[in-house]
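Asks: Here you go, one structure.
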Amino acid sequence: MDYKKITDEISEKILSYSQDTSGWRVIKVSKNVTVSSKPSKEYAGNIYRGEGIIEEVPSKIIPFMYLPEYRNKWDKALKSYSLLESIDQDTGIYHSVTHSYGMGLISSRDFVDLLHVKAYPGGILTTNSISVEYSNCPPTPSCVRGRNNPCGYVCSPLPENPEHSKLVVFIQPELGGMLPCSVVETALPTTLINLITETRAGLKSFKNRN
C-alpha cells in the first residue's frame, strides 16, 4: 500500500474542506463549539465540521489529540486507542475502539486509520486520516468495524491572540451496522462537541499537573 500517496491525497482533501466556505449549515451550538454539516462527496451521508477556540498553541494541541499516551487519558468516547504501526515520524496506523453510545443505542465501534500530521505556513498544524485495510487488525465480533472517510483536525493560531488556537474538526464516518439515519445525525454533532470540550478540559488538567 502506497501510504505516502494516500496521505498526500487526504491532506489535500482536509485542506480543501478547511477552505470551503459554501453550503455549510449550522446544526448545533453548545459549550462554545459550533457544528455544521453539508452533504459529503465521499459517501451517501454528511460531512460534519466542529469549530472551537482552545487556549493553547497548535504544537501542543495536535499531539495531545492524536498520540495514544495523551488521548487515552482524556477522551471519554474511546475504550482504547493504540498505535499499530509507525510508518514515519509523522505517519502511523492507529486502532480506536469506542464505547457504546446513547444507552447502547449505538454499540461499540472500532476503526483502523492511517493518520498523517502535516504542518503549513503560519503555525497551522493538521492531522489527516482515512480508514485502511490492515491484516494485523481484522474485525472482531466484539464490536462493529466502522470506516472513516477523509477526516482530520486543522489547528491554527488566532491572529489576535497567538497563544490561543482555532480548532476545526472534520468527520464523515460510516458507522456500519443497521443504524437509522436519524440516530447517526443526532450522535455525530454531540461527538464533535464532546471531542473539543474534552480536549480543552484535558489540556487544562495536564497543564495544572505539570
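Lettering and numbering for the C-alpha cells are positional, with chains as A, B, ... in the shown order, residues counted from 1 in each chain, and ligands counted from 1 in the shown order.
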Once you count only C-alpha atoms, what closest atom pair and distance in Å to one decimal does each residue of range 135-167 of chain A within 10 Å of range 10-22 of chain A have, with rows by chain and rising residue number, as CSV?

Replies:
residue,atom,partner,partner_atom,distance
A:Asn149,CA,A:Ile10,CA,9.3
A:Pro150,CA,A:Ile10,CA,6.0
A:Cys151,CA,A:Ile14,CA,6.8
A:Gly152,CA,A:Ile14,CA,6.5
A:Tyr153,CA,A:Ile14,CA,8.1
A:Val154,CA,A:Ser18,CA,7.3

Asks: Take the residues that were just selected and, keeping all heavy atoms, output them as a compact mmCIF listing (two decimals), in the first residue's frame.

Replies:
# COMPACT_ATOMS: atom_id res chain seq x y z
N ASN A 149 -14.19 8.03 6.39
CA ASN A 149 -13.82 8.73 5.17
C ASN A 149 -12.87 9.86 5.58
O ASN A 149 -12.69 10.11 6.77
CB ASN A 149 -15.08 9.26 4.49
CG ASN A 149 -15.92 8.13 3.90
OD1 ASN A 149 -15.47 7.42 3.00
ND2 ASN A 149 -17.12 7.92 4.43
N PRO A 150 -12.24 10.55 4.61
CA PRO A 150 -11.23 11.56 4.98
C PRO A 150 -11.69 12.46 6.14
O PRO A 150 -12.77 13.05 6.09
CB PRO A 150 -11.06 12.36 3.69
CG PRO A 150 -11.31 11.35 2.61
CD PRO A 150 -12.41 10.47 3.15
N CYS A 151 -10.89 12.49 7.18
CA CYS A 151 -11.25 13.26 8.37
C CYS A 151 -9.97 13.86 8.95
O CYS A 151 -8.86 13.44 8.60
CB CYS A 151 -11.95 12.39 9.41
SG CYS A 151 -11.01 10.96 9.95
N GLY A 152 -10.11 14.84 9.83
CA GLY A 152 -8.90 15.42 10.41
C GLY A 152 -9.15 16.65 11.23
O GLY A 152 -10.28 17.12 11.36
N TYR A 153 -8.06 17.14 11.83
CA TYR A 153 -8.08 18.35 12.65
C TYR A 153 -7.24 19.42 11.95
O TYR A 153 -6.17 19.12 11.41
CB TYR A 153 -7.44 18.10 14.03
CG TYR A 153 -7.90 16.85 14.75
CD1 TYR A 153 -6.99 16.08 15.48
CD2 TYR A 153 -9.23 16.45 14.72
CE1 TYR A 153 -7.40 14.95 16.17
CE2 TYR A 153 -9.64 15.31 15.41
CZ TYR A 153 -8.72 14.56 16.12
OH TYR A 153 -9.12 13.43 16.79
N VAL A 154 -7.75 20.64 11.96
CA VAL A 154 -6.99 21.78 11.43
C VAL A 154 -6.88 22.80 12.56
O VAL A 154 -7.89 23.32 13.03
CB VAL A 154 -7.68 22.41 10.20
CG1 VAL A 154 -6.88 23.61 9.71
CG2 VAL A 154 -7.83 21.38 9.08

Asks: Find the residues near Glu163 in chain A: any atom within 7 Å, counting only C-alpha atoms, skip ones fewer than 5 places away on the same chain, and give them as a PyMOL selection string.

Replies: chain A and resi 55-57+157

Asks: Based on the selection just made, write all heavy atoms of those residues as a PDB file, in the first residue's frame.

Replies:
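Okay, this is what ended up in out.pdb:
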ATOM      1  N   GLU A  55      -7.380  27.370  24.417  1.00  0.00           N
ATOM      2  CA  GLU A  55      -6.368  28.265  24.998  1.00  0.00           C
ATOM      3  C   GLU A  55      -4.999  27.574  25.047  1.00  0.00           C
ATOM      4  O   GLU A  55      -4.466  27.267  26.109  1.00  0.00           O
ATOM      5  CB  GLU A  55      -6.808  28.696  26.401  1.00  0.00           C
ATOM      6  CG  GLU A  55      -8.090  29.510  26.389  1.00  0.00           C
ATOM      7  CD  GLU A  55      -8.570  29.871  27.793  1.00  0.00           C
ATOM      8  OE1 GLU A  55      -7.835  29.595  28.771  1.00  0.00           O
ATOM      9  OE2 GLU A  55      -9.673  30.414  27.905  1.00  0.00           O
ATOM     10  N   GLU A  56      -4.468  27.317  23.853  1.00  0.00           N
ATOM     11  CA  GLU A  56      -3.152  26.673  23.752  1.00  0.00           C
ATOM     12  C   GLU A  56      -2.686  26.846  22.311  1.00  0.00           C
ATOM     13  O   GLU A  56      -3.459  27.242  21.438  1.00  0.00           O
ATOM     14  CB  GLU A  56      -3.270  25.188  24.142  1.00  0.00           C
ATOM     15  CG  GLU A  56      -1.976  24.440  24.343  1.00  0.00           C
ATOM     16  CD  GLU A  56      -0.951  25.135  25.227  1.00  0.00           C
ATOM     17  OE1 GLU A  56      -0.212  25.983  24.672  1.00  0.00           O
ATOM     18  OE2 GLU A  56      -0.873  24.831  26.422  1.00  0.00           O
ATOM     19  N   VAL A  57      -1.424  26.545  22.049  1.00  0.00           N
ATOM     20  CA  VAL A  57      -0.876  26.690  20.688  1.00  0.00           C
ATOM     21  C   VAL A  57      -1.033  25.362  19.930  1.00  0.00           C
ATOM     22  O   VAL A  57      -1.073  24.300  20.549  1.00  0.00           O
ATOM     23  CB  VAL A  57       0.605  27.123  20.724  1.00  0.00           C
ATOM     24  CG1 VAL A  57       0.731  28.530  21.303  1.00  0.00           C
ATOM     25  CG2 VAL A  57       1.449  26.138  21.537  1.00  0.00           C
ATOM     26  N   PRO A 157      -3.200  29.225  14.865  1.00  0.00           N
ATOM     27  CA  PRO A 157      -3.120  30.256  15.905  1.00  0.00           C
ATOM     28  C   PRO A 157      -4.101  31.390  15.594  1.00  0.00           C
ATOM     29  O   PRO A 157      -4.290  31.745  14.425  1.00  0.00           O
ATOM     30  CB  PRO A 157      -1.674  30.770  15.808  1.00  0.00           C
ATOM     31  CG  PRO A 157      -0.967  29.889  14.847  1.00  0.00           C
ATOM     32  CD  PRO A 157      -1.979  29.134  14.064  1.00  0.00           C
TER      33      PRO A 157
END

Asks: Between CA of Glu185 in chain A and CA of Asn128 in chain A, what distance in Å does the model show, to one decimal?

Replies: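 Those two atoms sit 22.6 Å apart.
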
Asks: Give the answer as one residue: which of A:Thr127, A:Pro162, A:Gly92, A:Ser36 has the shortest atom-to-atom distance to Phe64 in chain A, using only C-alpha atoms?

Replies: A:Thr127

Asks: Determine which residues of range 111-188 of chain A receive a DSSP assignment of strand (DSSP E or B), computed from the backbone, and state them as a PyMOL selection string.

Replies: chain A and resi 111-120+124-131+144-145+147-148+151-158+161-171+173-174

Asks: Nearest to Val184 in chain A among A:Ile54, A:Ile106, A:Leu115, A:Cys155, with distances taken over only C-alpha atoms: which residue is it?

Replies: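 Selected residue with least distance to Val184 in chain A: A:Ile106.
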
Asks: Apply DSSP to the structure's backbone, then extract all residues of range 170-202 of chain A labelled helix (DSSP H, G or I) and return them as a VMD selection string.

Replies: chain A and resid 181 to 202

Asks: Write to file, as a short mmCIF file (atom, residue, chain, number, x, y, z; two decimals), in the first residue's frame, the residues of the selection just made, with all heavy atoms.

Replies:
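Done, and the output landed in selection_35.cif:
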data_model
loop_
_atom_site.label_atom_id
_atom_site.label_comp_id
_atom_site.auth_asym_id
_atom_site.auth_seq_id
_atom_site.Cartn_x
_atom_site.Cartn_y
_atom_site.Cartn_z
N CYS A 181 -30.67 6.60 10.00
CA CYS A 181 -30.01 7.88 9.69
C CYS A 181 -30.19 8.89 10.82
O CYS A 181 -29.26 9.61 11.18
CB CYS A 181 -30.62 8.44 8.42
SG CYS A 181 -29.39 8.95 7.25
N SER A 182 -31.38 8.94 11.39
CA SER A 182 -31.68 9.94 12.42
C SER A 182 -30.80 9.75 13.66
O SER A 182 -30.39 10.72 14.30
CB SER A 182 -33.16 9.86 12.82
OG SER A 182 -33.45 8.57 13.31
N VAL A 183 -30.48 8.51 13.99
CA VAL A 183 -29.63 8.23 15.15
C VAL A 183 -28.21 8.75 14.89
O VAL A 183 -27.61 9.40 15.74
CB VAL A 183 -29.59 6.71 15.45
CG1 VAL A 183 -28.56 6.39 16.52
CG2 VAL A 183 -30.96 6.23 15.90
N VAL A 184 -27.71 8.49 13.69
CA VAL A 184 -26.36 8.94 13.32
C VAL A 184 -26.30 10.47 13.33
O VAL A 184 -25.36 11.08 13.84
CB VAL A 184 -25.97 8.40 11.93
CG1 VAL A 184 -24.64 8.98 11.47
CG2 VAL A 184 -25.90 6.88 11.95
N GLU A 185 -27.34 11.10 12.77
CA GLU A 185 -27.35 12.57 12.66
C GLU A 185 -27.47 13.26 14.01
O GLU A 185 -27.13 14.42 14.15
CB GLU A 185 -28.46 13.01 11.69
CG GLU A 185 -28.08 12.75 10.25
CD GLU A 185 -29.24 12.94 9.27
OE1 GLU A 185 -30.31 13.42 9.70
OE2 GLU A 185 -29.07 12.60 8.09
N THR A 186 -27.98 12.55 15.00
CA THR A 186 -28.03 13.09 16.36
C THR A 186 -26.69 12.86 17.07
O THR A 186 -26.19 13.72 17.78
CB THR A 186 -29.14 12.40 17.18
OG1 THR A 186 -30.37 12.58 16.48
CG2 THR A 186 -29.28 13.01 18.56
N ALA A 187 -26.12 11.67 16.85
CA ALA A 187 -24.91 11.27 17.60
C ALA A 187 -23.66 12.05 17.17
O ALA A 187 -22.87 12.46 18.02
CB ALA A 187 -24.67 9.77 17.43
N LEU A 188 -23.48 12.26 15.87
CA LEU A 188 -22.20 12.81 15.40
C LEU A 188 -21.95 14.26 15.83
O LEU A 188 -20.83 14.58 16.25
CB LEU A 188 -22.07 12.65 13.88
CG LEU A 188 -21.94 11.18 13.43
CD1 LEU A 188 -21.82 11.08 11.93
CD2 LEU A 188 -20.76 10.49 14.09
N PRO A 189 -22.96 15.16 15.79
CA PRO A 189 -22.70 16.51 16.31
C PRO A 189 -22.31 16.50 17.79
O PRO A 189 -21.41 17.24 18.22
CB PRO A 189 -24.03 17.24 16.09
CG PRO A 189 -24.67 16.51 14.96
CD PRO A 189 -24.28 15.08 15.14
N THR A 190 -22.98 15.66 18.58
CA THR A 190 -22.65 15.55 20.01
C THR A 190 -21.23 15.03 20.20
O THR A 190 -20.49 15.50 21.06
CB THR A 190 -23.66 14.61 20.72
OG1 THR A 190 -24.97 15.13 20.50
CG2 THR A 190 -23.40 14.52 22.21
N THR A 191 -20.84 14.07 19.37
CA THR A 191 -19.47 13.53 19.42
C THR A 191 -18.44 14.63 19.18
O THR A 191 -17.42 14.71 19.89
CB THR A 191 -19.31 12.43 18.34
OG1 THR A 191 -20.22 11.37 18.62
CG2 THR A 191 -17.90 11.88 18.30
N LEU A 192 -18.70 15.51 18.21
CA LEU A 192 -17.77 16.61 17.92
C LEU A 192 -17.68 17.60 19.08
O LEU A 192 -16.59 18.05 19.45
CB LEU A 192 -18.21 17.35 16.65
CG LEU A 192 -17.79 16.73 15.32
CD1 LEU A 192 -18.42 17.49 14.16
CD2 LEU A 192 -16.28 16.72 15.18
N ILE A 193 -18.83 17.94 19.65
CA ILE A 193 -18.84 18.88 20.78
C ILE A 193 -18.06 18.29 21.96
O ILE A 193 -17.23 18.96 22.57
CB ILE A 193 -20.30 19.23 21.17
CG1 ILE A 193 -20.90 20.14 20.09
CG2 ILE A 193 -20.35 19.92 22.54
CD1 ILE A 193 -22.41 20.25 20.13
N ASN A 194 -18.31 17.01 22.23
CA ASN A 194 -17.59 16.36 23.34
C ASN A 194 -16.09 16.29 23.07
O ASN A 194 -15.29 16.52 23.99
CB ASN A 194 -18.13 14.94 23.55
CG ASN A 194 -19.53 14.93 24.13
OD1 ASN A 194 -20.02 15.96 24.60
ND2 ASN A 194 -20.20 13.80 24.07
N LEU A 195 -15.71 16.00 21.83
CA LEU A 195 -14.28 15.91 21.50
C LEU A 195 -13.57 17.23 21.79
O LEU A 195 -12.50 17.25 22.43
CB LEU A 195 -14.12 15.55 20.02
CG LEU A 195 -12.67 15.51 19.50
CD1 LEU A 195 -11.91 14.33 20.08
CD2 LEU A 195 -12.63 15.48 17.98
N ILE A 196 -14.16 18.34 21.35
CA ILE A 196 -13.49 19.63 21.52
C ILE A 196 -13.51 20.07 22.98
O ILE A 196 -12.51 20.57 23.51
CB ILE A 196 -14.11 20.69 20.58
CG1 ILE A 196 -13.80 20.31 19.12
CG2 ILE A 196 -13.56 22.09 20.88
CD1 ILE A 196 -14.45 21.18 18.06
N THR A 197 -14.63 19.86 23.69
CA THR A 197 -14.69 20.27 25.10
C THR A 197 -13.78 19.39 25.97
O THR A 197 -13.14 19.89 26.89
CB THR A 197 -16.14 20.23 25.65
OG1 THR A 197 -16.71 18.94 25.42
CG2 THR A 197 -17.01 21.27 24.98
N GLU A 198 -13.67 18.10 25.63
CA GLU A 198 -12.79 17.22 26.41
C GLU A 198 -11.31 17.51 26.11
O GLU A 198 -10.45 17.34 26.98
CB GLU A 198 -13.13 15.75 26.14
CG GLU A 198 -14.41 15.32 26.85
CD GLU A 198 -14.88 13.93 26.45
OE1 GLU A 198 -14.08 13.16 25.89
OE2 GLU A 198 -16.06 13.63 26.69
N THR A 199 -11.02 17.95 24.89
CA THR A 199 -9.65 18.39 24.58
C THR A 199 -9.29 19.59 25.44
O THR A 199 -8.21 19.65 26.03
CB THR A 199 -9.52 18.76 23.08
OG1 THR A 199 -9.82 17.61 22.28
CG2 THR A 199 -8.11 19.23 22.75
N ARG A 200 -10.21 20.57 25.51
CA ARG A 200 -9.97 21.75 26.36
C ARG A 200 -9.72 21.36 27.81
O ARG A 200 -8.74 21.79 28.42
CB ARG A 200 -11.21 22.66 26.33
CG ARG A 200 -11.40 23.49 25.09
CD ARG A 200 -12.67 24.31 25.26
NE ARG A 200 -13.02 25.04 24.06
CZ ARG A 200 -14.26 25.20 23.63
NH1 ARG A 200 -15.28 24.66 24.27
NH2 ARG A 200 -14.51 25.90 22.53
N ALA A 201 -10.61 20.53 28.33
CA ALA A 201 -10.51 20.14 29.75
C ALA A 201 -9.25 19.32 30.00
O ALA A 201 -8.56 19.51 31.00
CB ALA A 201 -11.75 19.34 30.15
N GLY A 202 -8.94 18.42 29.08
CA GLY A 202 -7.75 17.57 29.22
C GLY A 202 -6.47 18.37 29.22
O GLY A 202 -5.56 18.15 30.02
#

Asks: Near His95 in chain A, within 9 Å and counting only C-alpha atoms, which residues show up once chain neighbours fewer than 4 positions away are dropped, as a count of residues only?

Replies: 10

Asks: So what do you get for CA of Lys4 in chain A versus CA of Leu114 in chain A, distance-wise?

Replies: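 It comes out at 10.4 Å.
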
Asks: Skip Val117 in chain A itself and residues of its chain fewer than 6 positions away, then list as a list in words all residues within 9 Å of it, counting only C-alpha atoms.

Replies: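 What passes the distance filter is Ser11, Ile62, Gln89, Asp90, Thr91, Leu125, Thr126, Thr127, Asn128 and Ser129 of chain A.
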
Asks: Could the residues in this selection be saved with N, CA and C atoms as a compact mmCIF listing (two decimals), in the first residue's frame?

Replies:
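out-v4.txt written:
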# COMPACT_ATOMS: atom_id res chain seq x y z
N SER A 11 -4.46 14.75 2.81
CA SER A 11 -4.06 16.08 3.27
C SER A 11 -4.64 17.17 2.35
N ILE A 62 -2.30 19.51 18.89
CA ILE A 62 -2.39 18.38 17.95
C ILE A 62 -1.78 17.09 18.52
N GLN A 89 7.96 9.46 11.22
CA GLN A 89 7.72 10.24 12.46
C GLN A 89 6.40 11.01 12.44
N ASP A 90 5.82 11.21 11.24
CA ASP A 90 4.57 11.96 11.14
C ASP A 90 3.39 11.11 10.69
N THR A 91 3.59 9.80 10.54
CA THR A 91 2.56 8.94 9.95
C THR A 91 2.47 7.62 10.69
N LEU A 125 -1.21 23.47 12.06
CA LEU A 125 -0.87 22.05 12.18
C LEU A 125 -2.14 21.24 11.95
N THR A 126 -2.02 20.14 11.18
CA THR A 126 -3.20 19.35 10.84
C THR A 126 -2.95 17.86 11.06
N THR A 127 -4.04 17.12 11.30
CA THR A 127 -4.00 15.66 11.17
C THR A 127 -4.90 15.30 10.01
N ASN A 128 -4.52 14.23 9.31
CA ASN A 128 -5.22 13.84 8.08
C ASN A 128 -5.36 12.33 8.09
N SER A 129 -6.60 11.84 8.15
CA SER A 129 -6.82 10.40 8.38
C SER A 129 -7.82 9.81 7.41

Asks: Quick one: of A:Glu160, A:Met178, A:Tyr94, A:Pro68, who's nearest to Glu133 in chain A, counting only C-alpha atoms?

Replies: A:Tyr94

Asks: Find the distance between CA of Arg25 in chain A and CA of Ser165 in chain A and write it in Å to one decimal.

Replies: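 Spanning CA of Arg25 in chain A to CA of Ser165 in chain A is a straight-line distance of 22.8 Å.
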
Asks: If we count only C-alpha atoms and set the cut-off at 10 Å, which residues sit around Leu78 in chain A, ignoring sequence neighbours fewer than 4 positions away in its own chain? Please answer as a PyMOL selection string.

Replies: chain A and resi 71-74+96-100+108-110

Asks: Keeping only C-alpha atoms, write those residues as a PDB file, in the first residue's frame.

Replies:
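Saved file selection_33.pdb follows:
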ATOM      1  CA  ARG A  71      -5.584  10.657  24.212  1.00  0.00           C
ATOM      2  CA  ASN A  72      -6.231   7.553  26.289  1.00  0.00           C
ATOM      3  CA  LYS A  73      -6.241   9.778  29.385  1.00  0.00           C
ATOM      4  CA  TRP A  74      -8.853  12.335  28.302  1.00  0.00           C
ATOM      5  CA  SER A  96      -9.528   3.088  18.076  1.00  0.00           C
ATOM      6  CA  VAL A  97     -12.409   1.365  19.877  1.00  0.00           C
ATOM      7  CA  THR A  98     -15.386   3.453  21.011  1.00  0.00           C
ATOM      8  CA  HIS A  99     -17.681   2.920  23.954  1.00  0.00           C
ATOM      9  CA  SER A 100     -21.315   2.225  23.131  1.00  0.00           C
ATOM     10  CA  SER A 108     -19.163  -0.242  20.310  1.00  0.00           C
ATOM     11  CA  ARG A 109     -17.351   0.542  17.035  1.00  0.00           C
ATOM     12  CA  ASP A 110     -13.735   0.166  16.015  1.00  0.00           C
TER      13      ASP A 110
END

Asks: Which residue, A:Lys207, A:Leu105, A:Ile53, A:His116, has the smallest gap to Pro180 in chain A when you use only C-alpha atoms?

Replies: A:Leu105

Asks: Please determine, counting only C-alpha atoms, which residue among A:Met103, A:Pro121, A:Tyr134, A:Glu42 has the shortest atom-to-atom distance to Asn148 in chain A.

Replies: A:Glu42
